[in-house]
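Structure file model_35.txt with compact mmCIF, C-alpha atoms:
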```txt
# COMPACT_ATOMS: atom_id res chain seq x y z
CA VAL A 8 85.59 113.26 101.07
CA GLY A 9 87.63 110.08 101.34
CA MET A 10 87.89 107.78 98.32
CA LYS A 11 88.82 104.21 99.25
CA ASN A 12 91.00 102.20 96.93
CA PRO A 13 88.94 99.51 95.18
CA ILE A 14 89.11 95.88 96.27
CA SER A 15 91.49 95.27 93.34
CA GLY A 16 93.98 97.60 95.07
CA SER A 17 94.33 99.86 92.02
CA LEU A 18 95.90 103.17 92.98
CA GLY A 19 94.96 104.54 89.56
CA VAL A 20 91.25 104.03 90.20
CA MET A 21 91.54 105.67 93.62
CA ILE A 22 93.45 108.64 92.19
CA ASN A 23 90.93 109.02 89.35
CA SER A 24 88.14 109.05 91.97
CA ILE A 25 89.96 111.73 93.96
CA GLN A 26 90.35 113.77 90.76
CA ALA A 27 86.68 113.39 89.85
CA ALA A 28 85.39 114.36 93.30
CA GLY A 29 87.79 117.29 93.42
CA SER A 30 86.69 118.70 90.06
CA LYS A 31 83.81 120.94 89.03
CA HIS A 32 80.81 119.25 87.41
CA ALA A 33 77.69 120.45 85.65
CA PHE A 34 74.78 118.09 84.99
CA LEU A 35 71.01 117.94 84.72
CA TYR A 36 68.99 116.53 87.58
CA ARG A 37 65.19 116.41 87.32
CA GLY A 38 65.21 119.24 84.83
CA TRP A 39 67.54 121.46 86.85
CA GLU A 40 71.08 122.32 85.94
CA VAL A 41 73.33 121.46 88.86
CA VAL A 42 76.84 122.90 89.12
CA THR A 43 79.29 121.68 91.75
CA ARG A 44 82.61 123.26 92.69
CA GLY A 45 84.35 119.98 93.53
CA ASN A 46 85.96 119.25 96.86
CA PRO A 47 89.68 120.19 96.93
CA LEU A 48 90.10 118.23 100.18
CA THR A 49 89.13 114.90 98.62
CA HIS A 50 91.75 112.36 99.69
CA GLY A 51 92.48 108.64 99.45
CA VAL A 52 91.72 105.93 101.97
CA LEU A 53 93.93 102.83 101.90
CA ARG A 54 91.78 99.85 102.88
CA GLY A 55 93.93 96.96 101.64
CA TYR A 56 92.83 94.78 98.75
CA LYS A 57 92.01 91.24 97.67
CA LYS A 58 94.58 89.13 95.83
CA SER A 59 93.43 87.26 92.73
CA GLY A 60 92.71 84.18 94.86
CA GLY A 61 90.51 86.20 97.21
CA GLN A 62 92.97 86.47 100.11
CA ASP A 63 93.21 89.77 101.97
CA ALA A 64 96.35 91.83 101.33
CA SER A 65 97.66 94.91 103.05
CA ASN A 66 98.62 98.17 101.34
CA CYS A 67 99.84 100.09 104.38
CA GLY A 68 103.43 98.85 104.75
CA TYR A 69 106.41 101.16 104.28
CA GLU A 70 106.96 100.24 100.59
CA ASP A 71 103.23 100.55 99.89
CA LEU A 72 103.15 104.02 101.42
CA LEU A 73 106.13 105.07 99.31
CA ARG A 74 104.28 103.89 96.16
CA VAL A 75 101.16 105.81 97.19
CA LYS A 76 103.19 108.95 97.91
CA ASP A 77 104.89 108.75 94.51
CA ALA A 78 101.63 108.04 92.65
CA LEU A 79 99.89 110.99 94.30
CA ASN A 80 102.85 113.30 93.64
CA GLU A 81 102.81 112.30 89.95
CA SER A 82 99.07 113.01 89.71
CA ASN A 83 97.32 116.32 89.35
CA VAL A 84 95.00 115.93 92.35
CA ALA A 85 94.78 118.92 94.68
CA CYS A 86 95.03 116.97 97.95
CA LYS A 87 97.93 114.52 97.90
CA SER A 88 96.95 112.83 101.16
CA VAL A 89 95.62 109.52 102.40
CA ILE A 90 94.14 108.08 105.54
CA VAL A 91 95.06 104.48 106.31
CA ASP A 92 92.15 102.21 107.24
CA VAL A 93 93.92 99.66 109.43
CA ASN A 94 90.97 97.26 109.45
CA HIS A 95 89.28 95.54 106.50
CA SER A 96 91.76 93.86 104.12
CA ASN A 97 94.73 95.62 105.74
CA SER A 98 94.14 93.64 108.94
CA GLY A 99 92.62 90.60 107.28
CA LYS A 100 89.51 91.50 109.33
CA ASP A 101 91.42 90.69 112.52
CA ALA A 102 90.51 93.70 114.69
CA LEU A 103 93.45 93.19 117.06
CA ARG A 104 95.94 93.60 114.16
CA GLN A 105 94.76 97.23 113.94
CA ILE A 106 96.97 98.00 116.94
CA ASP A 107 100.23 96.80 115.34
CA LEU A 108 99.33 98.21 111.93
CA SER A 109 98.59 101.64 113.43
CA LEU A 110 101.98 101.70 115.15
CA ASP A 111 103.72 100.47 111.96
CA VAL A 112 102.14 103.28 109.91
CA LEU A 113 103.21 105.76 112.57
CA LYS A 114 106.77 104.40 112.40
CA SER A 115 106.76 104.79 108.59
CA ARG A 116 105.73 108.43 109.04
CA PHE A 117 108.67 109.00 111.40
CA LEU A 118 111.14 107.33 109.03
CA ASN A 119 110.19 109.23 105.88
CA PRO A 120 109.18 112.91 105.61
CA GLY A 121 107.36 112.23 102.31
CA ILE A 122 105.23 109.54 103.94
CA ARG A 123 104.63 111.93 106.86
CA GLU A 124 103.27 114.51 104.37
CA THR A 125 101.12 111.93 102.58
CA VAL A 126 99.65 109.91 105.47
CA ARG A 127 97.43 112.29 107.41
CA GLY A 128 95.53 109.91 109.66
CA LEU A 129 94.31 106.48 110.61
CA MET A 130 90.86 104.95 110.42
CA ILE A 131 90.35 102.49 113.27
CA GLU A 132 87.20 100.38 113.64
CA SER A 133 86.09 100.60 117.24
CA TYR A 134 83.01 99.76 119.26
CA LEU A 135 82.22 99.17 122.92
CA GLU A 136 83.33 95.52 122.98
CA ASP A 137 85.96 93.60 120.97
CA GLY A 138 84.93 91.54 117.96
CA CYS A 139 81.64 91.21 116.14
CA GLN A 140 78.49 89.15 116.26
CA PRO A 141 75.74 88.15 113.85
CA VAL A 142 72.66 90.34 113.47
CA GLY A 143 70.32 89.44 116.31
CA GLY A 144 73.19 88.48 118.61
CA ASP A 145 72.72 89.18 122.29
CA ARG A 146 76.13 90.65 123.16
CA PHE A 147 75.53 94.27 124.17
CA GLY A 148 78.02 96.74 122.70
CA CYS A 149 79.44 94.32 120.13
CA SER A 150 79.42 95.21 116.42
CA ILE A 151 77.08 93.44 114.02
CA THR A 152 79.24 94.38 111.03
CA ASP A 153 83.05 94.21 110.90
CA PRO A 154 85.20 93.05 113.82
CA CYS A 155 86.15 96.03 115.98
CA LEU A 156 88.50 96.93 118.78
CA GLY A 157 86.70 97.36 122.07
CA TRP A 158 86.69 100.73 123.80
CA GLU A 159 89.45 99.88 126.32
CA LYS A 160 91.91 98.76 123.63
CA THR A 161 90.98 101.74 121.47
CA GLU A 162 91.59 104.13 124.35
CA ARG A 163 95.02 102.56 125.02
CA LEU A 164 95.92 102.70 121.31
CA ILE A 165 94.98 106.38 121.03
CA ALA A 166 97.00 107.20 124.17
CA ASP A 167 99.96 105.23 122.79
CA ILE A 168 99.76 107.08 119.46
CA ALA A 169 99.51 110.42 121.28
CA ASP A 170 102.63 109.58 123.31
CA ARG A 171 104.54 108.87 120.09
CA VAL A 172 103.64 112.02 118.17
```
Write the structure described by the file as structure tokens, please.
Amino acid sequence: VGMKNPISGSLGVMINSIQAAGSKHAFLYRGWEVVTRGNPLTHGVLRGYKKSGGQDASNCGYEDLLRVKDALNESNVACKSVIVDVNHSNSGKDALRQIDLSLDVLKSRFLNPGIRETVRGLMIESYLEDGCQPVGGDRFGCSITDPCLGWEKTERLIADIADRV
């Protein structure tokens, strides 16, 4: 289970969510007692955030990843890992920026063993064709939600990442 940081960017809220999903719970549901074990593999997903003025801001740079690593290590969550979502606010919804951001995150992992331990993967928004279109658009293979990398660019990015690891 991946818990995205909230739009505010609060690491505390994300870590609390990881803790909650990773913990046992007992509750009543329609007259039945339900007991869950919790998911010890619950991890964080860094999606960027919105500044107070509403502008997109990234939380996947080297310094950001150090802060996340330290915050997770100071917490009592079982899984001290994150996946970096290189789209959404991290890319400012510019799908092509996902390429550079992915390679930057990879470079941060190479530079710092602690970041390497913490950052376990990337989330890349991909579809058949680059970009997005409104619902009802007539462009086959183009997302109707967030802007995405097309298949050819995604394939090149994955091959480039594979060559670097």
Taking all atoms listed in the file into account, name the residue in A:Asp101, A:Glu40, A:Glu124, A:Asp92 that is nearest to Lys76 in chain A. A:Glu124
CA of Val126 in chain A and CA of Cys67 in chain A are how many Å apart? 9.9 Å
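Excluding Gly99 in chain A and any residue on its chain fewer than 6 positions from it, the residues at most 10 Å away by all atoms listed in the file are Gly55, Tyr56, Lys57, Gln62, Asp63, Ala64, Ser65, Val93 and Gln105 of chain A.
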Calculate how many Å separate CA of Cys155 in chain A from CA of Ile14 in chain A, rounding to one decimal. 19.9 Å
Taking only C-alpha atoms into account, name the residue in A:Leu135, A:Met10, A:Val84, A:Ile168 that is nearest to Ile106 in chain A.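 Distance minimum relative to Ile106 in chain A lands on A:Ile168.
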Could you give me, as a compact mmCIF listing (two decimals) with C-alpha atoms, in the coordinates of the input, the residues within 10 Å of Glu159 in chain A, counting only C-alpha atoms and dropping anything in the same chain fewer than 5 positions from it?
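What ended up in around-v9.txt:
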```txt
# COMPACT_ATOMS: atom_id res chain seq x y z
CA SER A 133 86.09 100.60 117.24
CA TYR A 134 83.01 99.76 119.26
CA LEU A 135 82.22 99.17 122.92
CA GLU A 136 83.33 95.52 122.98
CA ASP A 137 85.96 93.60 120.97
CA LEU A 164 95.92 102.70 121.31
```
Neighbour residues at most 9 Å from (102.2, 104.5, 92.7) (all atoms listed in the file) as a PyMOL selection string: chain A and resi 18-19+71-81
Rounded to one decimal in Å, what is the spacing between CA of Thr152 in chain A and CA of Gln140 in chain A?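 Spanning CA of Thr152 in chain A to CA of Gln140 in chain A is a straight-line distance of 7.4 Å.
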Ile165 in chain A surroundings by all atoms listed in the file, 12 Å radius, close-in-sequence under 3 positions cut, as a list in words: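 Counting all atoms listed in the file, the residues come to Gln105, Ile106, Ser109, Leu110, Leu113, Gly128, Leu129, Met130, Ile131, Ser133, Leu156, Trp158, Glu159, Lys160, Thr161, Glu162, Ile168, Ala169, Asp170, Arg171 and Val172 of chain A.
Closest to Gly68 in chain A among A:Cys139, A:Leu108, A:Ala27, A:Leu118 is A:Leu108, based on all atoms listed in the file.
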Nearest residue to Gly157 in chain A out of A:Ala102, A:Val112, A:Ser59, A:Asn12, using all atoms listed in the file?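 Nearest to Gly157 in chain A: A:Ala102.
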Would you kindly place N, CA and C atoms on range 57-83 of chain A and return the model as a PDB file, in the coordinates of the input?
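Output contents, as saved in rebuild.pdb:
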```pdb
ATOM      1  N   LYS A  57      92.139  92.698  97.783  1.00  0.00           N
ATOM      2  CA  LYS A  57      92.010  91.240  97.670  1.00  0.00           C
ATOM      3  C   LYS A  57      92.952  90.773  96.565  1.00  0.00           C
ATOM      4  N   LYS A  58      93.744  89.754  96.852  1.00  0.00           N
ATOM      5  CA  LYS A  58      94.580  89.130  95.830  1.00  0.00           C
ATOM      6  C   LYS A  58      93.685  88.363  94.867  1.00  0.00           C
ATOM      7  N   SER A  59      94.237  87.940  93.746  1.00  0.00           N
ATOM      8  CA  SER A  59      93.430  87.260  92.730  1.00  0.00           C
ATOM      9  C   SER A  59      92.753  86.008  93.272  1.00  0.00           C
ATOM     10  N   GLY A  60      93.322  85.366  94.255  1.00  0.00           N
ATOM     11  CA  GLY A  60      92.710  84.180  94.860  1.00  0.00           C
ATOM     12  C   GLY A  60      91.696  84.506  95.941  1.00  0.00           C
ATOM     13  N   GLY A  61      91.493  85.794  96.213  1.00  0.00           N
ATOM     14  CA  GLY A  61      90.510  86.200  97.210  1.00  0.00           C
ATOM     15  C   GLY A  61      91.064  86.454  98.600  1.00  0.00           C
ATOM     16  N   GLN A  62      92.388  86.244  98.780  1.00  0.00           N
ATOM     17  CA  GLN A  62      92.970  86.470 100.110  1.00  0.00           C
ATOM     18  C   GLN A  62      93.154  87.980 100.343  1.00  0.00           C
ATOM     19  N   ASP A  63      92.980  88.372 101.599  1.00  0.00           N
ATOM     20  CA  ASP A  63      93.210  89.770 101.970  1.00  0.00           C
ATOM     21  C   ASP A  63      94.690  90.104 101.853  1.00  0.00           C
ATOM     22  N   ALA A  64      94.977  91.339 101.436  1.00  0.00           N
ATOM     23  CA  ALA A  64      96.350  91.830 101.330  1.00  0.00           C
ATOM     24  C   ALA A  64      96.394  93.264 101.842  1.00  0.00           C
ATOM     25  N   SER A  65      97.484  93.590 102.470  1.00  0.00           N
ATOM     26  CA  SER A  65      97.660  94.910 103.050  1.00  0.00           C
ATOM     27  C   SER A  65      98.287  95.868 102.037  1.00  0.00           C
ATOM     28  N   ASN A  66      97.939  97.151 102.138  1.00  0.00           N
ATOM     29  CA  ASN A  66      98.620  98.170 101.340  1.00  0.00           C
ATOM     30  C   ASN A  66      99.030  99.355 102.220  1.00  0.00           C
ATOM     31  N   CYS A  67      99.446  99.025 103.464  1.00  0.00           N
ATOM     32  CA  CYS A  67      99.840 100.090 104.380  1.00  0.00           C
ATOM     33  C   CYS A  67     101.244  99.895 104.949  1.00  0.00           C
ATOM     34  N   GLY A  68     102.043  99.014 104.341  1.00  0.00           N
ATOM     35  CA  GLY A  68     103.430  98.850 104.750  1.00  0.00           C
ATOM     36  C   GLY A  68     104.291  99.991 104.213  1.00  0.00           C
ATOM     37  N   TYR A  69     105.508 100.066 104.657  1.00  0.00           N
ATOM     38  CA  TYR A  69     106.410 101.160 104.280  1.00  0.00           C
ATOM     39  C   TYR A  69     106.529 101.297 102.764  1.00  0.00           C
ATOM     40  N   GLU A  70     106.815 100.199 102.058  1.00  0.00           N
ATOM     41  CA  GLU A  70     106.960 100.240 100.590  1.00  0.00           C
ATOM     42  C   GLU A  70     105.661 100.650  99.913  1.00  0.00           C
ATOM     43  N   ASP A  71     104.532 100.165 100.442  1.00  0.00           N
ATOM     44  CA  ASP A  71     103.230 100.550  99.890  1.00  0.00           C
ATOM     45  C   ASP A  71     103.017 102.048 100.027  1.00  0.00           C
ATOM     46  N   LEU A  72     103.344 102.588 101.181  1.00  0.00           N
ATOM     47  CA  LEU A  72     103.150 104.020 101.420  1.00  0.00           C
ATOM     48  C   LEU A  72     104.059 104.864 100.539  1.00  0.00           C
ATOM     49  N   LEU A  73     105.258 104.367 100.262  1.00  0.00           N
ATOM     50  CA  LEU A  73     106.130 105.070  99.310  1.00  0.00           C
ATOM     51  C   LEU A  73     105.511 105.102  97.922  1.00  0.00           C
ATOM     52  N   ARG A  74     104.938 103.958  97.475  1.00  0.00           N
ATOM     53  CA  ARG A  74     104.280 103.890  96.160  1.00  0.00           C
ATOM     54  C   ARG A  74     103.099 104.858  96.096  1.00  0.00           C
ATOM     55  N   VAL A  75     102.316 104.914  97.158  1.00  0.00           N
ATOM     56  CA  VAL A  75     101.160 105.810  97.190  1.00  0.00           C
ATOM     57  C   VAL A  75     101.619 107.260  97.127  1.00  0.00           C
ATOM     58  N   LYS A  76     102.638 107.590  97.907  1.00  0.00           N
ATOM     59  CA  LYS A  76     103.190 108.950  97.910  1.00  0.00           C
ATOM     60  C   LYS A  76     103.633 109.339  96.506  1.00  0.00           C
ATOM     61  N   ASP A  77     104.395 108.462  95.856  1.00  0.00           N
ATOM     62  CA  ASP A  77     104.890 108.750  94.510  1.00  0.00           C
ATOM     63  C   ASP A  77     103.744 108.884  93.509  1.00  0.00           C
ATOM     64  N   ALA A  78     102.764 107.984  93.586  1.00  0.00           N
ATOM     65  CA  ALA A  78     101.630 108.040  92.650  1.00  0.00           C
ATOM     66  C   ALA A  78     100.837 109.333  92.833  1.00  0.00           C
ATOM     67  N   LEU A  79     100.617 109.741  94.067  1.00  0.00           N
ATOM     68  CA  LEU A  79      99.890 110.990  94.300  1.00  0.00           C
ATOM     69  C   LEU A  79     100.700 112.192  93.817  1.00  0.00           C
ATOM     70  N   ASN A  80     102.008 112.171  94.070  1.00  0.00           N
ATOM     71  CA  ASN A  80     102.850 113.300  93.640  1.00  0.00           C
ATOM     72  C   ASN A  80     102.926 113.407  92.123  1.00  0.00           C
ATOM     73  N   GLU A  81     102.795 112.286  91.417  1.00  0.00           N
ATOM     74  CA  GLU A  81     102.810 112.300  89.950  1.00  0.00           C
ATOM     75  C   GLU A  81     101.453 112.677  89.363  1.00  0.00           C
ATOM     76  N   SER A  82     100.418 112.698  90.195  1.00  0.00           N
ATOM     77  CA  SER A  82      99.070 113.010  89.710  1.00  0.00           C
ATOM     78  C   SER A  82      98.820 114.509  89.789  1.00  0.00           C
ATOM     79  N   ASN A  83      97.667 114.903  89.281  1.00  0.00           N
ATOM     80  CA  ASN A  83      97.320 116.320  89.350  1.00  0.00           C
ATOM     81  C   ASN A  83      96.183 116.569  90.340  1.00  0.00           C
TER      82      ASN A  83
END
```
